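Structure file data27.tsv; described as TSV, C-alpha atoms (C1' of nucleotides).
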```tsv
chain	number	residue	atom	x	y	z
A	1398	MET	CA	27.62	61.00	135.75
A	1399	SER	CA	26.48	64.55	135.77
A	1400	THR	CA	28.66	67.62	135.46
A	1401	GLY	CA	27.33	68.90	138.79
A	1402	ASN	CA	24.78	71.54	139.57
A	1403	PRO	CA	24.97	74.61	137.41
A	1404	LEU	CA	26.83	77.40	139.17
A	1405	GLU	CA	25.26	80.53	140.50
A	1406	PRO	CA	26.43	83.81	138.99
A	1407	THR	CA	28.03	84.82	142.30
A	1408	ASP	CA	29.94	81.57	142.55
A	1409	ARG	CA	31.06	82.00	138.97
A	1410	ALA	CA	32.32	85.49	139.79
A	1411	ILE	CA	34.28	84.15	142.74
A	1412	LEU	CA	35.84	81.40	140.64
A	1413	ARG	CA	36.75	83.88	137.93
A	1414	GLU	CA	38.60	86.07	140.42
A	1415	LEU	CA	40.40	83.15	142.03
A	1416	ALA	CA	41.38	81.75	138.64
A	1417	VAL	CA	43.14	85.03	137.90
A	1418	ASP	CA	44.53	85.65	141.39
A	1419	GLY	CA	44.54	82.54	143.54
A	1420	ARG	CA	45.99	84.40	146.54
A	1421	CYS	CA	43.35	87.12	146.54
A	1422	SER	CA	42.25	87.81	150.12
A	1423	PHE	CA	38.66	87.24	151.18
A	1424	THR	CA	38.45	90.94	151.86
A	1425	ASP	CA	39.33	91.86	148.27
A	1426	LEU	CA	37.23	89.03	146.92
A	1427	ALA	CA	34.23	90.27	148.86
A	1428	GLU	CA	34.67	93.75	147.47
A	1429	ARG	CA	35.04	92.53	143.89
A	1430	VAL	CA	31.99	90.32	143.87
A	1431	GLY	CA	29.89	92.66	146.00
A	1432	LEU	CA	29.30	90.48	149.03
A	1433	SER	CA	30.23	90.52	152.69
A	1434	VAL	CA	33.42	88.85	153.78
A	1435	SER	CA	31.45	86.22	155.70
A	1436	ALA	CA	29.35	85.31	152.71
A	1437	VAL	CA	32.37	84.98	150.43
A	1438	HIS	CA	34.14	82.91	153.02
A	1439	GLN	CA	31.16	80.60	153.25
A	1440	ARG	CA	30.89	80.24	149.48
A	1441	VAL	CA	34.58	79.53	148.95
A	1442	ARG	CA	34.48	76.83	151.65
A	1443	ARG	CA	31.48	75.28	149.94
A	1444	LEU	CA	33.12	75.40	146.50
A	1445	GLU	CA	36.19	73.70	147.96
A	1446	GLN	CA	34.11	71.00	149.62
A	1447	ARG	CA	32.09	70.37	146.46
A	1448	GLY	CA	35.37	69.93	144.60
A	1449	VAL	CA	34.70	72.75	142.17
A	1450	LEU	CA	37.72	74.50	143.63
A	1451	ARG	CA	40.38	71.83	143.59
A	1452	GLY	CA	43.28	73.84	144.97
A	1453	TYR	CA	45.67	76.65	144.21
A	1454	ALA	CA	48.95	76.62	142.31
A	1455	ALA	CA	51.77	79.07	141.72
A	1456	ARG	CA	52.43	79.94	138.08
A	1457	LEU	CA	56.15	79.47	137.43
A	1458	ASP	CA	58.25	80.72	134.53
A	1459	GLY	CA	59.50	77.65	132.70
A	1460	GLU	CA	62.65	79.32	131.47
A	1461	GLN	CA	63.65	80.79	134.78
A	1462	ILE	CA	63.21	77.54	136.67
A	1463	GLY	CA	65.61	75.85	134.28
A	1464	LEU	CA	63.03	73.99	132.19
A	1465	PRO	CA	62.95	75.99	128.95
A	1466	LEU	CA	61.90	73.16	126.63
A	1467	THR	CA	58.25	72.14	126.39
A	1468	ALA	CA	56.97	69.41	124.10
A	1469	PHE	CA	53.90	67.33	123.32
A	1470	ILE	CA	54.44	63.61	123.05
A	1471	SER	CA	51.79	61.40	121.47
A	1472	LEU	CA	51.77	57.73	122.42
A	1473	THR	CA	50.77	54.72	120.35
A	1474	PRO	CA	50.79	51.33	122.08
A	1475	PHE	CA	52.86	48.63	120.42
A	1476	ASP	CA	50.60	45.92	121.69
A	1477	PRO	CA	46.89	46.69	121.14
A	1478	ALA	CA	45.95	43.87	123.49
A	1479	ALA	CA	48.00	45.17	126.40
A	1480	PRO	CA	46.10	46.43	129.48
A	1481	ASP	CA	45.61	50.20	129.40
A	1482	ASP	CA	47.63	51.24	132.44
A	1483	TYR	CA	49.84	53.77	130.68
A	1484	PRO	CA	49.15	56.69	133.03
A	1485	GLN	CA	50.20	54.63	136.04
A	1486	ARG	CA	53.32	53.50	134.19
A	1487	LEU	CA	54.27	57.10	133.46
A	1488	GLU	CA	53.32	59.07	136.52
A	1489	HIS	CA	56.68	58.47	138.16
A	1490	LEU	CA	58.31	60.71	135.55
A	1491	PRO	CA	58.13	64.25	136.96
A	1492	GLN	CA	58.94	65.83	133.61
A	1493	ILE	CA	55.42	64.85	132.48
A	1494	GLU	CA	53.14	67.68	133.56
A	1495	ALA	CA	49.94	66.40	132.01
A	1496	CYS	CA	48.58	63.20	130.50
A	1497	TYR	CA	45.47	63.19	128.31
A	1498	SER	CA	43.66	60.14	126.98
A	1499	VAL	CA	42.50	61.11	123.50
A	1500	ALA	CA	40.38	60.00	120.56
A	1501	GLY	CA	42.20	59.65	117.26
A	1502	ASP	CA	45.18	57.88	115.81
A	1503	GLU	CA	47.10	58.02	119.05
A	1504	SER	CA	46.04	56.95	122.53
A	1505	TYR	CA	47.60	59.57	124.78
A	1506	ILE	CA	49.05	63.02	124.58
A	1507	LEU	CA	51.62	64.08	127.17
A	1508	ARG	CA	52.74	67.62	127.88
A	1509	VAL	CA	56.33	67.57	129.13
A	1510	ARG	CA	58.91	70.06	130.33
A	1511	VAL	CA	62.66	69.45	130.24
A	1512	SER	CA	65.90	71.37	130.59
A	1513	SER	CA	67.41	70.57	127.17
A	1514	PRO	CA	67.19	68.47	124.01
A	1515	ALA	CA	69.33	65.89	125.78
A	1516	GLY	CA	66.79	65.85	128.60
A	1517	LEU	CA	64.01	65.30	126.07
A	1518	GLU	CA	65.90	62.43	124.47
A	1519	GLU	CA	66.41	60.80	127.85
A	1520	LEU	CA	62.75	61.29	128.75
A	1521	LEU	CA	61.60	59.67	125.50
A	1522	ARG	CA	63.81	56.70	126.26
A	1523	GLN	CA	62.25	56.41	129.71
A	1524	ILE	CA	58.73	56.69	128.33
A	1525	ARG	CA	59.28	53.97	125.75
A	1526	GLU	CA	60.88	51.77	128.34
A	1527	SER	CA	58.17	52.34	130.95
A	1528	ALA	CA	55.12	52.04	128.73
A	1529	ASN	CA	56.09	50.00	125.66
A	1530	VAL	CA	54.80	52.58	123.21
A	1531	SER	CA	55.95	54.38	120.13
A	1532	THR	CA	56.17	58.15	120.46
A	1533	ARG	CA	55.66	61.16	118.24
A	1534	THR	CA	57.09	64.41	119.58
A	1535	THR	CA	56.13	67.98	118.77
A	1536	VAL	CA	58.50	70.58	120.17
A	1537	VAL	CA	57.08	73.89	121.42
A	1538	LEU	CA	58.95	76.88	119.98
A	1539	SER	CA	57.16	79.56	121.99
A	1540	THR	CA	54.04	79.98	124.08
A	1541	PRO	CA	52.01	83.05	123.05
A	1542	PHE	CA	49.67	82.37	125.95
A	1543	GLU	CA	48.99	79.66	128.49
A	1544	ASP	CA	46.97	79.08	131.64
A	1545	ARG	CA	44.31	81.59	130.72
A	1546	PRO	CA	41.44	81.55	133.17
A	1547	PRO	CA	38.63	79.32	131.91
A	1548	ALA	CA	35.48	81.05	130.71
A	1549	VAL	CA	33.58	80.08	133.87
B	576	MET	CA	69.18	85.28	125.91
B	577	SER	CA	69.78	83.41	129.11
B	578	THR	CA	67.28	81.38	131.03
B	579	GLY	CA	67.99	83.45	134.12
B	580	ASN	CA	70.29	82.79	137.03
B	581	PRO	CA	70.23	79.27	138.35
B	582	LEU	CA	68.02	79.01	141.41
B	583	GLU	CA	69.28	78.48	144.91
B	584	PRO	CA	68.14	75.30	146.66
B	585	THR	CA	66.09	77.34	149.14
B	586	ASP	CA	64.29	79.22	146.37
B	587	ARG	CA	63.64	75.94	144.62
B	588	ALA	CA	62.14	74.54	147.81
B	589	ILE	CA	59.87	77.56	148.13
B	590	LEU	CA	58.73	77.25	144.52
B	591	ARG	CA	58.06	73.54	144.94
B	592	GLU	CA	55.81	74.22	147.91
B	593	LEU	CA	53.94	77.05	146.21
B	594	ALA	CA	53.48	74.99	143.06
B	595	VAL	CA	51.64	72.39	145.12
B	596	ASP	CA	49.78	74.80	147.42
B	597	GLY	CA	49.65	78.33	146.08
B	598	ARG	CA	47.81	79.61	149.14
B	599	CYS	CA	50.30	78.24	151.63
B	600	SER	CA	50.91	80.84	154.34
B	601	PHE	CA	54.35	82.34	154.87
B	602	THR	CA	54.26	80.81	158.32
B	603	ASP	CA	53.84	77.27	156.96
B	604	LEU	CA	56.24	77.97	154.12
B	605	ALA	CA	58.88	79.16	156.58
B	606	GLU	CA	58.50	76.02	158.65
B	607	ARG	CA	58.70	73.73	155.62
B	608	VAL	CA	61.84	75.26	154.16
B	609	GLY	CA	63.48	75.91	157.51
B	610	LEU	CA	63.71	79.69	157.50
B	611	SER	CA	62.21	82.57	159.41
B	612	VAL	CA	58.95	84.08	158.21
B	613	SER	CA	60.69	87.32	157.25
B	614	ALA	CA	63.30	85.55	155.18
B	615	VAL	CA	60.70	83.57	153.28
B	616	HIS	CA	58.65	86.68	152.75
B	617	GLN	CA	61.68	88.46	151.31
B	618	ARG	CA	62.52	85.60	148.98
B	619	VAL	CA	58.97	85.22	147.70
B	620	ARG	CA	58.83	88.95	146.96
B	621	ARG	CA	62.09	88.71	145.06
B	622	LEU	CA	60.93	85.67	143.10
B	623	GLU	CA	57.80	87.58	142.15
B	624	GLN	CA	59.77	90.63	141.06
B	625	ARG	CA	62.23	88.55	139.04
B	626	GLY	CA	59.24	87.01	137.28
B	627	VAL	CA	60.07	83.48	138.35
B	628	LEU	CA	56.81	83.47	140.28
B	629	ARG	CA	54.32	84.75	137.76
B	630	GLY	CA	51.19	84.56	139.88
B	631	TYR	CA	48.78	82.19	141.52
B	632	ALA	CA	45.77	80.42	140.06
B	633	ALA	CA	42.87	78.42	141.43
B	634	ARG	CA	42.57	74.91	140.03
B	635	LEU	CA	38.99	74.45	138.85
B	636	ASP	CA	37.15	71.26	137.99
B	637	GLY	CA	36.34	71.44	134.29
B	638	GLU	CA	33.25	69.30	134.59
B	639	GLN	CA	31.77	71.15	137.52
B	640	ILE	CA	32.22	74.56	135.95
B	641	GLY	CA	30.24	73.43	132.94
B	642	LEU	CA	33.16	72.91	130.55
B	643	PRO	CA	33.48	69.15	130.38
B	644	LEU	CA	34.95	68.93	126.89
B	645	THR	CA	38.67	69.52	126.33
B	646	ALA	CA	40.37	69.29	122.94
B	647	PHE	CA	43.62	70.01	121.17
B	648	ILE	CA	43.35	71.89	117.90
B	649	SER	CA	46.29	72.02	115.50
B	650	LEU	CA	46.43	74.90	113.05
B	651	THR	CA	47.83	74.99	109.54
B	652	PRO	CA	47.81	78.35	107.71
B	653	PHE	CA	46.12	78.41	104.33
B	654	ASP	CA	48.38	81.15	103.11
B	655	PRO	CA	52.06	80.46	103.88
B	656	ALA	CA	52.91	84.06	102.99
B	657	ALA	CA	50.47	85.58	105.47
B	658	PRO	CA	51.93	87.46	108.43
B	659	ASP	CA	52.17	85.27	111.52
B	660	ASP	CA	49.77	87.05	113.85
B	661	TYR	CA	47.62	84.04	114.69
B	662	PRO	CA	47.86	84.33	118.48
B	663	GLN	CA	46.60	87.92	118.35
B	664	ARG	CA	43.80	86.86	116.04
B	665	LEU	CA	42.71	84.14	118.46
B	666	GLU	CA	43.19	85.57	121.92
B	667	HIS	CA	39.71	87.06	121.96
B	668	LEU	CA	38.26	83.56	122.13
B	669	PRO	CA	38.06	82.70	125.84
B	670	GLN	CA	37.55	79.00	125.15
B	671	ILE	CA	41.22	78.85	124.11
B	672	GLU	CA	43.17	78.23	127.30
B	673	ALA	CA	46.61	77.90	125.74
B	674	CYS	CA	48.32	78.58	122.44
B	675	TYR	CA	51.66	76.98	121.55
B	676	SER	CA	53.79	77.74	118.51
B	677	VAL	CA	55.28	74.42	117.47
B	678	ALA	CA	57.79	72.78	115.16
B	679	GLY	CA	56.38	70.17	112.81
B	680	ASP	CA	53.71	69.81	110.20
B	681	GLU	CA	51.42	72.26	111.92
B	682	SER	CA	52.13	75.78	113.13
B	683	TYR	CA	50.17	76.03	116.36
B	684	ILE	CA	48.55	73.80	118.91
B	685	LEU	CA	45.64	75.16	120.94
B	686	ARG	CA	44.22	73.64	124.10
B	687	VAL	CA	40.55	74.50	124.35
B	688	ARG	CA	37.69	73.90	126.77
B	689	VAL	CA	34.02	73.94	125.80
B	690	SER	CA	30.65	72.95	127.17
B	691	SER	CA	29.60	70.53	124.42
B	692	PRO	CA	30.28	69.15	120.94
B	693	ALA	CA	28.13	71.95	119.60
B	694	GLY	CA	30.33	74.42	121.43
B	695	LEU	CA	33.40	72.83	119.88
B	696	GLU	CA	31.88	73.05	116.41
B	697	GLU	CA	31.10	76.71	116.92
B	698	LEU	CA	34.59	77.39	118.25
B	699	LEU	CA	36.20	75.71	115.22
B	700	ARG	CA	34.12	77.92	112.96
B	701	GLN	CA	35.28	81.01	114.85
B	702	ILE	CA	38.92	79.92	114.72
B	703	ARG	CA	38.84	79.33	110.96
B	704	GLU	CA	37.07	82.62	110.45
B	705	SER	CA	39.43	84.59	112.69
B	706	ALA	CA	42.72	83.12	111.55
B	707	ASN	CA	42.24	81.72	108.04
B	708	VAL	CA	43.64	78.32	108.93
B	709	SER	CA	42.75	74.70	108.52
B	710	THR	CA	42.24	72.78	111.76
B	711	ARG	CA	42.82	69.29	113.04
B	712	THR	CA	41.06	68.44	116.29
B	713	THR	CA	41.89	65.80	118.87
B	714	VAL	CA	39.23	65.31	121.52
B	715	VAL	CA	40.30	64.52	125.08
B	716	LEU	CA	38.44	61.52	126.51
B	717	SER	CA	39.81	61.75	130.03
B	718	THR	CA	42.64	63.38	131.92
B	719	PRO	CA	44.58	60.93	134.09
B	720	PHE	CA	46.63	63.83	135.43
B	721	GLU	CA	47.17	67.49	134.71
B	722	ASP	CA	48.85	70.51	136.27
B	723	ARG	CA	51.44	68.47	138.09
B	724	PRO	CA	54.01	70.66	139.79
B	725	PRO	CA	57.09	71.08	137.58
B	726	ALA	CA	60.28	69.33	138.70
B	727	VAL	CA	61.84	72.60	139.89
C	455	DA	C1'	70.79	87.60	154.03
C	456	DC	C1'	68.66	86.23	158.17
C	457	DT	C1'	66.33	86.93	162.89
C	458	DG	C1'	63.05	88.66	165.98
C	459	DA	C1'	59.62	91.77	167.29
C	460	DA	C1'	55.99	95.11	166.64
C	461	DA	C1'	52.03	97.08	164.17
C	462	DT	C1'	48.49	96.16	161.02
C	463	DT	C1'	45.37	93.34	158.43
C	464	DT	C1'	43.11	89.09	157.51
C	465	DT	C1'	41.06	84.91	158.68
C	466	DT	C1'	37.86	82.28	160.95
C	467	DA	C1'	34.04	81.29	163.82
C	468	DG	C1'	30.00	82.49	165.99
C	469	DA	C1'	25.64	85.27	167.36
C	470	DA	C1'	21.74	87.72	165.93
C	471	DG	C1'	18.58	89.82	162.48
D	1082	DC	C1'	22.15	86.79	152.99
D	1083	DT	C1'	23.58	90.79	156.34
D	1084	DT	C1'	26.15	93.06	160.31
D	1085	DC	C1'	28.61	92.73	164.40
D	1086	DT	C1'	31.92	90.74	167.60
D	1087	DA	C1'	36.13	88.80	168.96
D	1088	DA	C1'	40.11	85.80	169.20
D	1089	DA	C1'	43.64	83.66	166.50
D	1090	DA	C1'	46.62	83.83	162.72
D	1091	DA	C1'	49.00	85.89	158.92
D	1092	DT	C1'	51.09	89.85	156.62
D	1093	DT	C1'	54.16	93.41	156.44
D	1094	DT	C1'	57.66	96.46	157.88
D	1095	DC	C1'	61.74	97.55	160.26
D	1096	DA	C1'	65.74	97.74	163.46
D	1097	DG	C1'	69.60	94.87	164.68
D	1098	DT	C1'	73.09	91.33	163.77
```
Go ahead and express the file in the form of structure tokens.
Amino acid sequence: MSTGNPLEPTDRAILRELAVDGRCSFTDLAERVGLSVSAVHQRVRRLEQRGVLRGYAARLDGEQIGLPLTAFISLTPFDPAAPDDYPQRLEHLPQIEACYSVAGDESYILRVRVSSPAGLEELLRQIRESANVSTRTTVVLSTPFEDRPPAV
Amino acid sequence: MSTGNPLEPTDRAILRELAVDGRCSFTDLAERVGLSVSAVHQRVRRLEQRGVLRGYAARLDGEQIGLPLTAFISLTPFDPAAPDDYPQRLEHLPQIEACYSVAGDESYILRVRVSSPAGLEELLRQIRESANVSTRTTVVLSTPFEDRPPAV
DNA sequence: ACTGAAATTTTTAGAAG
DNA sequence: CTTCTAAAAATTTCAGT
């Protein structure tokens, strides 16, 4: 499995702009990367088809949408012989924003977002029930920065 | 410190749609939430001004942009008396996508993205040098899911 | 706060160099 | 890749309810 063809500098420039402003118009984009609108349009379509550009998402303020509490939850299976279908067992819980399979003492790290400590407690109960795992939780106190554009 | 006014159902619907498809047109948005285009436009503007909507970002494929290696790095200060300016000391490193201040044994958790193990090694060196901390690194093997829309 | 309409800009596709 | 063309669609503003 390769990581795909290396990206051209122009494509990288386009991705950088769209990572910062996903709603940037083709007109602005063209100006910023120094290409015609048609050319940019063509390139963005190609990047979408190749799967390099996987979509666009709004950045929401966790506090203002009523989900002020973020936490990381590390999972350790109780039964080492159990089939590894933890992600499938957990994806029905919308509070889980991300699920990473990791090397180390624990098997998975989840990033979750809830409305309150009570909500976190309830979520932990659901996770243990759904996946038969022990959990270790690290509460986020503040987020100095997040969602920075990758160094494409 | 409040978490802001509770959101109206219509605003929540708009945010849900934009979280999934950040480039959704106002026309489509209006149809999906059952309002006129003008009304939706007005509400989106207001959500942006209130800071609930903090922007829009392209979702990029880490592998295809040449950054196939993700890791979590936990930081522990060497000097407990040192001023807590770690985020400022680290923000110049573009490989760091997110920085969380956390409760627990460690002080910060970073989510980073690099091109290779060598890149990770180099980044760890830079982090220790910039922030005078000890590090604990957890390498991500795979990402079953990420960037799921929050349960607004 | 929403609707509907009008004016402007953008998107999208295609032709030709 | 560029420029040009042109129709369709989206954005944006504004008067009216």
So which residues touch Arg1545 of chain A within 9 Å, counting all atoms listed in the file, skipping near sequence neighbours fewer than 3 positions away, as an MDAnalysis selection string?
(chainID A and resid 1416:1417 1542 1548) or (chainID B and resid 669 671:673)
Once chain A is best-fit onto chain B by all Cα atoms in order, what RMSD in Å is left?
0.1 Å
Which residues of chain D have any atom within 9 Å of an atom in chain B when counting all atoms listed in the file, and what is the closest pair of atoms for each, with the distance in Å to one decimal? Order the rows by chain and rising number and write it as a tab-separated table.
```
residue	atom	partner	partner_atom	distance
D:DA1091	C1'	B:Ser600	CA	7.1
D:DT1092	C1'	B:Phe601	CA	8.4
D:DT1093	C1'	B:His616	CA	8.9
```
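Between atom CA of Gly1516 of chain A and atom CA of Leu650 of chain B lies a distance of 27.2 Å.
Going from atom CA of Gln663 of chain B to atom CA of Ala678 of chain B covers 19.1 Å.
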Within 8 Å of chain B, which residues belong to chain A? Use all atoms listed in the file and report them as number ranges by chain.
A: 1400-1404, 1412, 1415-1420, 1448-1458, 1460-1465, 1484, 1491-1501, 1510, 1535-1549
Residues near Glu1526 of chain A, anyone? I mean within 10 Å using all atoms listed in the file, not counting same-chain ones fewer than 6 positions away, as a VMD selection string.
chain A and resid 1486 to 1487 1520
Compute the chain B side of the contact with chain C at 9 Å, counting all atoms listed in the file, and hand it back as a PDB file with C-alpha atoms, keeping the file's coordinate frame.
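Once everything was written out, this is result11.pdb:
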```pdb
ATOM      1  CA  LEU B 610      63.710  79.690 157.500  1.00  0.00           C
ATOM      2  CA  SER B 611      62.210  82.570 159.410  1.00  0.00           C
ATOM      3  CA  SER B 613      60.690  87.320 157.250  1.00  0.00           C
ATOM      4  CA  ALA B 614      63.300  85.550 155.180  1.00  0.00           C
TER       5      ALA B 614
END
```
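A straight line drawn from atom CA of Ser1471 of chain A to atom CA of Ala1515 of chain A is 18.6 Å long.
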